[in-house]
$ cat data-v2.pdb   # PDB, C-alpha atoms
ATOM      1  CA  MET M  11      95.672 124.739 102.033  1.00  0.00           C
ATOM      2  CA  GLY M  12      98.644 124.175  99.712  1.00  0.00           C
ATOM      3  CA  GLY M  13      97.747 126.992  97.335  1.00  0.00           C
ATOM      4  CA  LYS M  14      96.776 126.651  93.674  1.00  0.00           C
ATOM      5  CA  PHE M  15      98.408 126.437  90.269  1.00  0.00           C
ATOM      6  CA  ILE M  16      96.611 128.827  87.937  1.00  0.00           C
ATOM      7  CA  ARG M  17      97.097 129.232  84.193  1.00  0.00           C
ATOM      8  CA  LEU M  18      95.768 132.338  82.497  1.00  0.00           C
ATOM      9  CA  ASN M  19      95.102 132.862  78.796  1.00  0.00           C
ATOM     10  CA  ARG M  20      96.239 135.982  76.961  1.00  0.00           C
ATOM     11  CA  ALA M  21      93.083 137.814  77.945  1.00  0.00           C
ATOM     12  CA  GLY M  22      93.815 137.178  81.610  1.00  0.00           C
ATOM     13  CA  ASP M  23      91.037 134.625  82.075  1.00  0.00           C
ATOM     14  CA  VAL M  24      91.663 131.528  84.202  1.00  0.00           C
ATOM     15  CA  GLU M  25      92.054 128.423  82.009  1.00  0.00           C
ATOM     16  CA  ILE M  26      93.223 125.970  84.667  1.00  0.00           C
ATOM     17  CA  SER M  27      93.064 126.112  88.463  1.00  0.00           C
ATOM     18  CA  THR M  28      94.631 123.108  90.222  1.00  0.00           C
ATOM     19  CA  PRO M  29      94.879 122.724  94.024  1.00  0.00           C
ATOM     20  CA  LEU M  30      98.446 122.017  95.152  1.00  0.00           C
ATOM     21  CA  ARG M  31      99.500 119.531  97.791  1.00  0.00           C
ATOM     22  CA  LEU M  32     100.557 120.682 101.245  1.00  0.00           C
ATOM     23  CA  SER M  33     103.305 118.641 102.899  1.00  0.00           C
ATOM     24  CA  VAL M  34     102.474 117.968 106.540  1.00  0.00           C
ATOM     25  CA  PRO M  35     105.396 116.774 108.726  1.00  0.00           C
ATOM     26  CA  GLY M  36     104.532 114.045 111.193  1.00  0.00           C
ATOM     27  CA  SER M  37     106.344 111.939 113.753  1.00  0.00           C
ATOM     28  CA  PHE M  38     110.122 111.750 113.281  1.00  0.00           C
ATOM     29  CA  SER M  39     110.129 113.553 109.895  1.00  0.00           C
ATOM     30  CA  SER M  40     107.589 111.265 108.194  1.00  0.00           C
ATOM     31  CA  SER M  41     105.192 113.338 106.139  1.00  0.00           C
ATOM     32  CA  LEU M  42     101.882 113.246 104.311  1.00  0.00           C
ATOM     33  CA  THR M  43     100.696 115.466 101.514  1.00  0.00           C
ATOM     34  CA  VAL M  44      97.134 116.726 101.495  1.00  0.00           C
ATOM     35  CA  ARG M  45      95.032 118.781  99.115  1.00  0.00           C
ATOM     36  CA  ALA M  46      91.389 119.674  98.547  1.00  0.00           C
ATOM     37  CA  PRO M  47      90.498 118.840  94.906  1.00  0.00           C
ATOM     38  CA  SER M  48      87.050 120.387  95.409  1.00  0.00           C
ATOM     39  CA  THR M  49      84.692 121.557  98.116  1.00  0.00           C
ATOM     40  CA  GLY M  50      83.890 118.633 100.403  1.00  0.00           C
ATOM     41  CA  GLU M  51      86.913 116.562  99.319  1.00  0.00           C
ATOM     42  CA  LEU M  52      90.224 115.913 101.035  1.00  0.00           C
ATOM     43  CA  GLU M  53      92.955 113.898  99.339  1.00  0.00           C
ATOM     44  CA  ILE M  54      95.657 112.328 101.526  1.00  0.00           C
ATOM     45  CA  SER M  55      98.802 110.786 100.061  1.00  0.00           C
ATOM     46  CA  GLY M  56     101.492 108.943 102.007  1.00  0.00           C
ATOM     47  CA  ASN M  57     101.763 106.412 104.807  1.00  0.00           C
ATOM     48  CA  PRO M  58      99.353 107.434 107.611  1.00  0.00           C
ATOM     49  CA  ALA M  59     100.592 104.715 109.978  1.00  0.00           C
ATOM     50  CA  LYS M  60     104.198 105.871 109.719  1.00  0.00           C
ATOM     51  CA  TRP M  61     103.140 109.518 109.834  1.00  0.00           C
ATOM     52  CA  LEU M  62     101.368 108.927 113.143  1.00  0.00           C
ATOM     53  CA  ALA M  63     103.863 106.613 114.849  1.00  0.00           C
ATOM     54  CA  GLY M  64     107.190 107.408 113.183  1.00  0.00           C
ATOM     55  CA  HIS M  65     107.726 103.769 112.148  1.00  0.00           C
ATOM     56  CA  ASN M  66     106.011 100.991 110.218  1.00  0.00           C
ATOM     57  CA  LEU M  67     107.098  97.985 112.267  1.00  0.00           C
ATOM     58  CA  TYR M  68     103.507  97.276 113.239  1.00  0.00           C
ATOM     59  CA  GLY M  69     100.114  98.924 112.973  1.00  0.00           C
ATOM     60  CA  THR M  70      96.400  98.382 112.694  1.00  0.00           C
ATOM     61  CA  ASP M  71      94.478  96.111 110.308  1.00  0.00           C
ATOM     62  CA  CYS M  72      91.552  98.547 110.359  1.00  0.00           C
ATOM     63  CA  PRO M  73      91.915 101.293 107.715  1.00  0.00           C
ATOM     64  CA  ARG M  74      88.819 103.061 109.033  1.00  0.00           C
ATOM     65  CA  MET M  75      90.349 103.617 112.473  1.00  0.00           C
ATOM     66  CA  LEU M  76      93.698 104.523 110.897  1.00  0.00           C
ATOM     67  CA  LEU M  77      92.045 107.184 108.746  1.00  0.00           C
ATOM     68  CA  TRP M  78      90.059 108.510 111.696  1.00  0.00           C
ATOM     69  CA  ALA M  79      93.215 108.836 113.811  1.00  0.00           C
ATOM     70  CA  THR M  80      94.908 110.617 110.893  1.00  0.00           C
ATOM     71  CA  LEU M  81      92.046 113.081 110.503  1.00  0.00           C
ATOM     72  CA  GLN M  82      92.045 113.761 114.236  1.00  0.00           C
ATOM     73  CA  ARG M  83      95.731 114.664 114.055  1.00  0.00           C
ATOM     74  CA  LEU M  84      95.267 116.778 110.915  1.00  0.00           C
ATOM     75  CA  ALA M  85      92.431 118.633 112.641  1.00  0.00           C
ATOM     76  CA  THR M  86      94.959 119.961 115.158  1.00  0.00           C
ATOM     77  CA  ILE M  87      96.846 121.737 112.339  1.00  0.00           C
ATOM     78  CA  PRO M  88      94.948 124.958 111.437  1.00  0.00           C
ATOM     79  CA  GLU M  89      96.573 125.393 108.016  1.00  0.00           C
ATOM     80  CA  VAL M  90      95.309 121.929 107.018  1.00  0.00           C
ATOM     81  CA  LEU M  91      91.868 121.828 108.640  1.00  0.00           C
ATOM     82  CA  PRO M  92      90.753 125.188 110.009  1.00  0.00           C
ATOM     83  CA  TRP M  93      87.533 123.585 111.299  1.00  0.00           C
ATOM     84  CA  SER M  94      86.856 120.805 113.772  1.00  0.00           C
ATOM     85  CA  LEU M  95      85.840 117.397 112.387  1.00  0.00           C
ATOM     86  CA  ALA M  96      82.354 117.872 113.835  1.00  0.00           C
ATOM     87  CA  GLU M  97      81.987 121.177 111.980  1.00  0.00           C
ATOM     88  CA  ILE M  98      82.552 119.442 108.641  1.00  0.00           C
ATOM     89  CA  GLY M  99      80.109 116.651 109.442  1.00  0.00           C
ATOM     90  CA  LEU M 100      82.474 113.982 110.767  1.00  0.00           C
ATOM     91  CA  SER M 101      81.327 112.794 114.170  1.00  0.00           C
ATOM     92  CA  GLY M 102      83.200 109.473 114.183  1.00  0.00           C
ATOM     93  CA  PRO M 103      84.786 106.659 112.136  1.00  0.00           C
ATOM     94  CA  GLN M 104      81.345 105.537 110.958  1.00  0.00           C
ATOM     95  CA  CYS M 105      81.141 108.691 108.825  1.00  0.00           C
ATOM     96  CA  LEU M 106      84.080 107.646 106.627  1.00  0.00           C
ATOM     97  CA  ASP M 107      82.424 104.880 104.577  1.00  0.00           C
ATOM     98  CA  ASP M 108      82.407 106.935 101.358  1.00  0.00           C
ATOM     99  CA  THR M 109      86.202 107.222 101.412  1.00  0.00           C
ATOM    100  CA  ILE M 110      87.942 105.980  98.245  1.00  0.00           C
ATOM    101  CA  ILE M 111      91.211 104.058  98.656  1.00  0.00           C
ATOM    102  CA  THR M 112      93.735 104.002  95.803  1.00  0.00           C
ATOM    103  CA  ARG M 113      96.555 102.097  97.546  1.00  0.00           C
ATOM    104  CA  ALA M 114      96.737  99.655 100.452  1.00  0.00           C
ATOM    105  CA  ASP M 115      99.740  97.806 101.917  1.00  0.00           C
ATOM    106  CA  VAL M 116      99.061  94.721 104.043  1.00  0.00           C
ATOM    107  CA  ASN M 117     102.002  93.316 105.987  1.00  0.00           C
ATOM    108  CA  ARG M 118     102.992  90.442 108.200  1.00  0.00           C
ATOM    109  CA  MET M 119     106.383  89.688 109.761  1.00  0.00           C
ATOM    110  CA  PHE M 120     107.992  86.344 110.576  1.00  0.00           C
ATOM    111  CA  LEU M 121     110.587  86.017 113.326  1.00  0.00           C
ATOM    112  CA  LEU M 122     113.542  83.848 112.279  1.00  0.00           C
ATOM    113  CA  ASP M 123     116.288  82.461 114.486  1.00  0.00           C
ATOM    114  CA  ARG M 124     119.137  84.730 113.376  1.00  0.00           C
ATOM    115  CA  PRO M 125     119.582  87.859 111.239  1.00  0.00           C
ATOM    116  CA  ALA M 126     121.606  85.801 108.740  1.00  0.00           C
ATOM    117  CA  ASP M 127     118.628  83.461 108.296  1.00  0.00           C
ATOM    118  CA  VAL M 128     116.500  86.358 107.035  1.00  0.00           C
ATOM    119  CA  ALA M 129     118.982  87.319 104.312  1.00  0.00           C
ATOM    120  CA  ALA M 130     119.409  83.645 103.383  1.00  0.00           C
ATOM    121  CA  PHE M 131     115.659  83.110 103.062  1.00  0.00           C
ATOM    122  CA  VAL M 132     115.215  86.141 100.809  1.00  0.00           C
ATOM    123  CA  ARG M 133     118.080  85.044  98.539  1.00  0.00           C
ATOM    124  CA  THR M 134     116.663  81.520  98.266  1.00  0.00           C
ATOM    125  CA  ALA M 135     113.159  82.859  97.601  1.00  0.00           C
ATOM    126  CA  SER M 136     114.507  84.951  94.732  1.00  0.00           C
ATOM    127  CA  LEU M 137     115.958  81.810  93.102  1.00  0.00           C
ATOM    128  CA  THR M 138     113.209  79.278  93.746  1.00  0.00           C
ATOM    129  CA  GLY M 139     109.984  81.184  94.363  1.00  0.00           C
ATOM    130  CA  ALA M 140     107.111  81.923  91.987  1.00  0.00           C
ATOM    131  CA  TRP M 141     103.895  83.834  92.635  1.00  0.00           C
ATOM    132  CA  GLY M 142     101.050  82.215  90.741  1.00  0.00           C
ATOM    133  CA  HIS M 143     100.879  83.247  87.079  1.00  0.00           C
ATOM    134  CA  ARG M 144     103.119  86.246  87.815  1.00  0.00           C
ATOM    135  CA  GLY M 145     106.106  83.905  87.902  1.00  0.00           C
ATOM    136  CA  LYS M 146     109.475  84.520  89.473  1.00  0.00           C
ATOM    137  CA  GLY M 147     110.397  87.567  91.443  1.00  0.00           C
ATOM    138  CA  GLN M 148     112.970  90.274  90.887  1.00  0.00           C
ATOM    139  CA  PHE M 149     115.850  90.429  93.358  1.00  0.00           C
ATOM    140  CA  LYS M 150     117.521  93.723  94.228  1.00  0.00           C
ATOM    141  CA  GLU M 151     119.435  94.857  97.297  1.00  0.00           C
ATOM    142  CA  GLY M 152     118.139  92.146  99.618  1.00  0.00           C
ATOM    143  CA  THR M 153     114.518  92.366  98.451  1.00  0.00           C
ATOM    144  CA  VAL M 154     112.558  90.042  96.183  1.00  0.00           C
ATOM    145  CA  THR M 155     109.461  91.453  94.474  1.00  0.00           C
ATOM    146  CA  TYR M 156     106.837  89.332  92.725  1.00  0.00           C
ATOM    147  CA  GLY M 157     104.387  90.783  90.226  1.00  0.00           C
ATOM    148  CA  ARG M 158     106.332  93.925  89.297  1.00  0.00           C
ATOM    149  CA  SER M 159     106.199  95.027  85.684  1.00  0.00           C
ATOM    150  CA  SER M 160     105.009  98.052  83.769  1.00  0.00           C
ATOM    151  CA  LYS M 161     101.885  96.073  82.832  1.00  0.00           C
ATOM    152  CA  ASN M 162     101.026  94.940  86.380  1.00  0.00           C
ATOM    153  CA  ARG M 163     102.051  98.084  88.233  1.00  0.00           C
ATOM    154  CA  ALA M 164      98.424  99.117  88.702  1.00  0.00           C
ATOM    155  CA  ARG M 165      97.412  95.744  90.214  1.00  0.00           C
ATOM    156  CA  SER M 166      99.439  94.182  93.033  1.00  0.00           C
ATOM    157  CA  GLU M 167     102.882  93.124  94.201  1.00  0.00           C
ATOM    158  CA  LEU M 168     104.166  90.703  96.829  1.00  0.00           C
ATOM    159  CA  ILE M 169     107.447  91.690  98.450  1.00  0.00           C
ATOM    160  CA  LEU M 170     109.767  89.749 100.774  1.00  0.00           C
ATOM    161  CA  TYR M 171     112.568  91.611 102.473  1.00  0.00           C
ATOM    162  CA  ASP M 172     114.876  91.854 105.455  1.00  0.00           C
ATOM    163  CA  LYS M 173     113.252  94.332 107.825  1.00  0.00           C
ATOM    164  CA  GLY M 174     116.399  94.712 109.879  1.00  0.00           C
ATOM    165  CA  ALA M 175     118.436  95.682 106.829  1.00  0.00           C
ATOM    166  CA  GLU M 176     115.773  98.222 105.872  1.00  0.00           C
ATOM    167  CA  THR M 177     115.877  99.889 109.276  1.00  0.00           C
ATOM    168  CA  ALA M 178     119.622 100.300 108.867  1.00  0.00           C
ATOM    169  CA  LYS M 179     118.848 102.615 105.917  1.00  0.00           C
ATOM    170  CA  HIS M 180     115.652 104.172 107.275  1.00  0.00           C
ATOM    171  CA  VAL M 181     116.479 104.824 110.897  1.00  0.00           C
ATOM    172  CA  LEU M 182     113.986 103.989 113.625  1.00  0.00           C
ATOM    173  CA  PRO M 183     112.794 106.639 116.080  1.00  0.00           C
ATOM    174  CA  PRO M 184     115.408 107.179 118.826  1.00  0.00           C
ATOM    175  CA  VAL M 185     113.259 105.551 121.505  1.00  0.00           C
ATOM    176  CA  MET M 186     113.318 102.331 119.438  1.00  0.00           C
ATOM    177  CA  ALA M 187     116.830 102.584 117.993  1.00  0.00           C
ATOM    178  CA  GLU M 188     118.268 102.869 121.504  1.00  0.00           C
ATOM    179  CA  ASP M 189     116.409  99.776 122.761  1.00  0.00           C
ATOM    180  CA  GLN M 190     118.607  96.738 122.118  1.00  0.00           C
ATOM    181  CA  GLU M 191     115.704  94.357 122.595  1.00  0.00           C
ATOM    182  CA  VAL M 192     113.744  96.093 119.839  1.00  0.00           C
ATOM    183  CA  VAL M 193     116.784  96.255 117.550  1.00  0.00           C
ATOM    184  CA  GLY M 194     117.549  92.568 118.107  1.00  0.00           C
ATOM    185  CA  TRP M 195     113.939  91.645 117.307  1.00  0.00           C
ATOM    186  CA  VAL M 196     113.818  93.738 114.118  1.00  0.00           C
ATOM    187  CA  ARG M 197     117.061  92.246 112.792  1.00  0.00           C
ATOM    188  CA  ARG M 198     115.446  88.780 112.860  1.00  0.00           C
ATOM    189  CA  CYS M 199     112.253  89.835 111.064  1.00  0.00           C
ATOM    190  CA  LEU M 200     111.261  88.756 107.566  1.00  0.00           C
ATOM    191  CA  ARG M 201     108.654  91.126 106.128  1.00  0.00           C
ATOM    192  CA  VAL M 202     106.052  89.798 103.687  1.00  0.00           C
ATOM    193  CA  GLU M 203     104.228  92.755 102.191  1.00  0.00           C
ATOM    194  CA  LEU M 204     101.266  92.787  99.816  1.00  0.00           C
ATOM    195  CA  LYS M 205     100.787  96.007  97.868  1.00  0.00           C
ATOM    196  CA  LEU M 206      97.318  96.513  96.423  1.00  0.00           C
ATOM    197  CA  PHE M 207      97.044  99.168  93.723  1.00  0.00           C
ATOM    198  CA  ARG M 208      94.103 101.019  92.241  1.00  0.00           C
ATOM    199  CA  LEU M 209      92.896  98.429  89.701  1.00  0.00           C
ATOM    200  CA  THR M 210      92.921  95.463  92.091  1.00  0.00           C
ATOM    201  CA  LEU M 211      91.231  97.502  94.803  1.00  0.00           C
ATOM    202  CA  LYS M 212      88.497  98.498  92.375  1.00  0.00           C
ATOM    203  CA  GLU M 213      87.979  94.958  91.042  1.00  0.00           C
ATOM    204  CA  THR M 214      87.623  93.549  94.563  1.00  0.00           C
ATOM    205  CA  GLY M 215      85.489  96.395  95.883  1.00  0.00           C
ATOM    206  CA  LEU M 216      88.167  97.304  98.395  1.00  0.00           C
ATOM    207  CA  ASP M 217      88.521 100.758  96.914  1.00  0.00           C
ATOM    208  CA  ARG M 218      85.593 101.688  99.185  1.00  0.00           C
ATOM    209  CA  LEU M 219      86.318 101.977 102.883  1.00  0.00           C
ATOM    210  CA  SER M 220      82.821 100.652 103.630  1.00  0.00           C
ATOM    211  CA  ASN M 221      83.868  97.220 102.272  1.00  0.00           C
ATOM    212  CA  TRP M 222      86.711  96.806 104.776  1.00  0.00           C
ATOM    213  CA  SER M 223      85.682  94.945 107.921  1.00  0.00           C
ATOM    214  CA  GLU M 224      87.520  93.181 110.722  1.00  0.00           C
ATOM    215  CA  GLY M 225      89.677  90.405 109.312  1.00  0.00           C
ATOM    216  CA  ILE M 226      89.625  91.599 105.683  1.00  0.00           C
ATOM    217  CA  ALA M 227      93.282  92.636 105.665  1.00  0.00           C
ATOM    218  CA  LEU M 228      94.493  89.266 106.954  1.00  0.00           C
ATOM    219  CA  HIS M 229      92.150  87.386 104.576  1.00  0.00           C
ATOM    220  CA  VAL M 230      93.424  89.273 101.524  1.00  0.00           C
ATOM    221  CA  TRP M 231      97.048  88.814 102.603  1.00  0.00           C
ATOM    222  CA  ARG M 232      96.617  85.068 103.107  1.00  0.00           C
ATOM    223  CA  GLN M 233      94.959  84.651  99.708  1.00  0.00           C
ATOM    224  CA  ALA M 234      97.949  86.319  98.075  1.00  0.00           C
ATOM    225  CA  VAL M 235     100.614  84.419 100.023  1.00  0.00           C
ATOM    226  CA  GLU M 236      98.949  81.058  99.282  1.00  0.00           C
ATOM    227  CA  LYS M 237      99.854  81.615  95.614  1.00  0.00           C
ATOM    228  CA  LEU M 238     103.561  81.761  96.478  1.00  0.00           C
ATOM    229  CA  THR M 239     105.329  78.461  95.785  1.00  0.00           C
ATOM    230  CA  PHE M 240     108.942  77.311  95.952  1.00  0.00           C
ATOM    231  CA  SER M 241     110.649  74.752  93.739  1.00  0.00           C
ATOM    232  CA  ASP M 242     112.733  71.848  95.040  1.00  0.00           C
ATOM    233  CA  ALA M 243     115.844  73.477  93.652  1.00  0.00           C
ATOM    234  CA  ALA M 244     116.492  75.410  96.847  1.00  0.00           C
ATOM    235  CA  GLN M 245     120.099  75.915  97.776  1.00  0.00           C
ATOM    236  CA  ARG M 246     120.983  72.940  99.932  1.00  0.00           C
ATOM    237  CA  ASN M 247     124.078  74.406 101.524  1.00  0.00           C
ATOM    238  CA  GLU M 248     123.099  77.945 102.380  1.00  0.00           C
ATOM    239  CA  PHE M 249     126.154  79.975 103.280  1.00  0.00           C
ATOM    240  CA  ASP M 250     126.230  81.901 106.535  1.00  0.00           C
ATOM    241  CA  LEU M 251     127.260  85.477 105.736  1.00  0.00           C
ATOM    242  CA  GLU M 252     128.347  86.051 109.306  1.00  0.00           C
ATOM    243  CA  THR M 253     131.302  83.707 108.754  1.00  0.00           C
ATOM    244  CA  LEU M 254     132.665  85.941 105.974  1.00  0.00           C
ATOM    245  CA  PRO M 255     134.807  89.023 106.534  1.00  0.00           C
ATOM    246  CA  LYS M 256     132.744  92.173 106.011  1.00  0.00           C
ATOM    247  CA  SER M 257     134.868  93.165 103.005  1.00  0.00           C
ATOM    248  CA  PHE M 258     133.716  90.022 101.134  1.00  0.00           C
ATOM    249  CA  ARG M 259     129.996  90.109 101.951  1.00  0.00           C
ATOM    250  CA  ALA M 260     128.914  92.579  99.258  1.00  0.00           C
ATOM    251  CA  THR M 261     130.757  90.559  96.600  1.00  0.00           C
ATOM    252  CA  PHE M 262     129.117  87.334  97.778  1.00  0.00           C
ATOM    253  CA  LEU M 263     125.632  88.893  97.693  1.00  0.00           C
ATOM    254  CA  MET M 264     126.200  90.210  94.164  1.00  0.00           C
ATOM    255  CA  TRP M 265     127.289  86.723  93.104  1.00  0.00           C
TER     256      TRP M 265
END

$ encode --input "data-v2.pdb" --output "structure tokens"
Amino acid sequence: MGGKFIRLNRAGDVEISTPLRLSVPGSFSSSLTVRAPSTGELEISGNPAKWLAGHNLYGTDCPRMLLWATLQRLATIPEVLPWSLAEIGLSGPQCLDDTIITRADVNRMFLLDRPADVAAFVRTASLTGAWGHRGKGQFKEGTVTYGRSSKNRARSELILYDKGAETAKHVLPPVMAEDQEVVGWVRRCLRVELKLFRLTLKETGLDRLSNWSEGIALHVWRQAVEKLTFSDAAQRNEFDLETLPKSFRATFLMW
């Protein structure tokens, strides 16, 4: 697949043999990396939804079907899977229950009235919001992140950000970027993203694909968002950035 890293001792005997990852380009330059740690195992790293569709504006709540669609695509690439899925014992999504998940992102988007309202909400949330015992969030470049620290990195994070601003940095596929209706919709979207890391997934049993069923993603997301509270100290006179000259906007945001 991606080759191996091999270390030999002075006598020429193999001390370490480690499978390397193979980068697999997907839609619109998104990529996954795959490797086979041992016979009968396949490790996939990356964002399968974006790899398949070329964007992450929306997707499925069913990780089983997402993984199955990913495997079907990988099976068309001989250097990744030289056999059909049936030949390796995978006849359908129901065969994937033993899959181990080490990271899951669950997202929802809210449509606000204007693009400026999205930026204003995120700024206010960074000043007045708290996420349960994790406390206040960290604000950086139009994004507020709750739960991030070296100690909690292996558990979970809740992130609020301006989806339109993000797509200005990470360009949408041409078919979307050229559609003004799509662009106008994205610029008004507030993204609320829950990142579940290895330890939380293991504690909740969601590290096993067999424990994900219809509605689980939304249930877990709602449980997390219900812990987000805002103080009464919200900015009462939120400033509309669109009324400022462009040369002043960066300075105002830094302030």

$ resolve_selection --input "data-v2.pdb" --expression "the PyMOL selection byres ((chain M and resi 167) around 6)" --output "list in words"
Tyr156, Gly157, Ser166, Leu168, Leu204 and Lys205 of chain M

$ closest_residue --input "data-v2.pdb" --among "M:Ile98, M:Cys72, M:Met186, M:Ala79" --to "Ser220 in chain M" --atoms "only C-alpha atoms"
M:Cys72

$ atom_distance --input "data-v2.pdb" --atom1 "CA of Val181 in chain M" --atom2 "CA of Val196 in chain M"
11.8 Å

$ closest_residue --input "data-v2.pdb" --among "M:Leu137, M:Phe207, M:His65, M:Phe120" --to "Ala187 in chain M" --atoms "all atoms listed in the file"
M:His65

$ closest_atom_pairs --input "data-v2.pdb" --of "range 51-156 of chain M" --to "range 227-236 of chain M" --cutoff "10 Å" --atoms "only C-alpha atoms" --output "JSON lines"
{"residue": "M:Thr70", "atom": "CA", "partner": "M:Ala227", "partner_atom": "CA", "distance": 9.6}
{"residue": "M:Asp71", "atom": "CA", "partner": "M:Ala227", "partner_atom": "CA", "distance": 5.9}
{"residue": "M:Cys72", "atom": "CA", "partner": "M:Ala227", "partner_atom": "CA", "distance": 7.7}
{"residue": "M:Pro73", "atom": "CA", "partner": "M:Ala227", "partner_atom": "CA", "distance": 9.0}
{"residue": "M:Ala114", "atom": "CA", "partner": "M:Ala227", "partner_atom": "CA", "distance": 9.4}
{"residue": "M:Asp115", "atom": "CA", "partner": "M:Ala227", "partner_atom": "CA", "distance": 9.1}
{"residue": "M:Val116", "atom": "CA", "partner": "M:Ala227", "partner_atom": "CA", "distance": 6.4}
{"residue": "M:Asn117", "atom": "CA", "partner": "M:Trp231", "partner_atom": "CA", "distance": 7.5}
{"residue": "M:Arg118", "atom": "CA", "partner": "M:Trp231", "partner_atom": "CA", "distance": 8.3}
{"residue": "M:Trp141", "atom": "CA", "partner": "M:Val235", "partner_atom": "CA", "distance": 8.1}
{"residue": "M:Gly142", "atom": "CA", "partner": "M:Glu236", "partner_atom": "CA", "distance": 8.9}

$ residues_near_point --input "data-v2.pdb" --point "(115.6, 93.2, 101.5)" --cutoff "12 Å" --atoms "all atoms listed in the file" --output "PyMOL selection string"
chain M and resi 125-126+128-133+135-136+148-155+169-179+197+199-203+263

$ atom_distance --input "data-v2.pdb" --atom1 "CA of Asn57 in chain M" --atom2 "CA of Glu191 in chain M"
25.6 Å

$ resolve_selection --input "data-v2.pdb" --expression "the PyMOL selection byres ((chain M and resi 82) around 12)" --output "list in words"
Pro58, Leu62, Met75, Leu76, Leu77, Trp78, Ala79, Thr80, Leu81, Arg83, Leu84, Ala85, Thr86, Ile87, Pro88, Val90, Leu91, Trp93, Ser94, Leu95, Ala96, Leu100, Ser101, Gly102 and Pro103 of chain M

$ write_last_selection --input "data-v2.pdb" --atoms "C-alpha atoms" --output "short mmCIF file (atom, residue, chain, number, x, y, z; two decimals), in the coordinates of the input"
data_model
loop_
_atom_site.label_atom_id
_atom_site.label_comp_id
_atom_site.auth_asym_id
_atom_site.auth_seq_id
_atom_site.Cartn_x
_atom_site.Cartn_y
_atom_site.Cartn_z
CA PRO M 58 99.35 107.43 107.61
CA LEU M 62 101.37 108.93 113.14
CA MET M 75 90.35 103.62 112.47
CA LEU M 76 93.70 104.52 110.90
CA LEU M 77 92.04 107.18 108.75
CA TRP M 78 90.06 108.51 111.70
CA ALA M 79 93.22 108.84 113.81
CA THR M 80 94.91 110.62 110.89
CA LEU M 81 92.05 113.08 110.50
CA ARG M 83 95.73 114.66 114.06
CA LEU M 84 95.27 116.78 110.92
CA ALA M 85 92.43 118.63 112.64
CA THR M 86 94.96 119.96 115.16
CA ILE M 87 96.85 121.74 112.34
CA PRO M 88 94.95 124.96 111.44
CA VAL M 90 95.31 121.93 107.02
CA LEU M 91 91.87 121.83 108.64
CA TRP M 93 87.53 123.58 111.30
CA SER M 94 86.86 120.80 113.77
CA LEU M 95 85.84 117.40 112.39
CA ALA M 96 82.35 117.87 113.84
CA LEU M 100 82.47 113.98 110.77
CA SER M 101 81.33 112.79 114.17
CA GLY M 102 83.20 109.47 114.18
CA PRO M 103 84.79 106.66 112.14
#

$ atom_distance --input "data-v2.pdb" --atom1 "CA of Lys146 in chain M" --atom2 "CA of Arg158 in chain M"
9.9 Å

$ residues_around --input "data-v2.pdb" --residues "Val34 in chain M" --least-positions-apart "2" --cutoff "9 Å" --atoms "all atoms listed in the file" --output "MDAnalysis selection string"
chainID M and resid 32 36 40:44 84 87 90

$ closest_residue --input "data-v2.pdb" --among "M:Gly145, M:Thr49, M:Gly64, M:Ser159" --to "Ser241 in chain M" --atoms "only C-alpha atoms"
M:Gly145

$ closest_residue --input "data-v2.pdb" --among "M:Arg74, M:Leu211, M:Gly139, M:Thr134" --to "Ser223 in chain M" --atoms "all atoms listed in the file"
M:Arg74

$ resolve_selection --input "data-v2.pdb" --expression "the PyMOL selection byres ((chain M and resi 216) around 10)" --output "ChimeraX atom specification"
/M:110-114,206,208-215,217-222,226

$ decode --input "data-v2.pdb" --residues "range 43-63 of chain M" --atoms "C-alpha atoms" --output "CSV table (one decimal), in the first residue's frame"
chain,number,residue,atom,x,y,z
M,43,THR,CA,-4.4,8.6,4.3
M,44,VAL,CA,-4.7,4.8,4.6
M,45,ARG,CA,-2.4,2.1,5.8
M,46,ALA,CA,-2.7,-1.6,6.8
M,47,PRO,CA,-1.2,-2.0,10.3
M,48,SER,CA,-1.6,-5.8,10.0
M,49,THR,CA,-3.4,-8.4,8.0
M,50,GLY,CA,-7.1,-7.9,8.1
M,51,GLU,CA,-6.8,-4.2,9.3
M,52,LEU,CA,-7.3,-1.0,7.4
M,53,GLU,CA,-6.6,2.4,9.1
M,54,ILE,CA,-8.2,5.5,7.5
M,55,SER,CA,-7.3,9.0,8.6
M,56,GLY,CA,-8.9,12.2,7.4
M,57,ASN,CA,-12.4,13.5,6.7
M,58,PRO,CA,-14.3,10.9,4.6
M,59,ALA,CA,-17.3,13.2,4.0
M,60,LYS,CA,-15.1,15.9,2.5
M,61,TRP,CA,-13.0,13.4,0.6
M,62,LEU,CA,-16.1,12.0,-1.0
M,63,ALA,CA,-18.0,15.3,-1.7
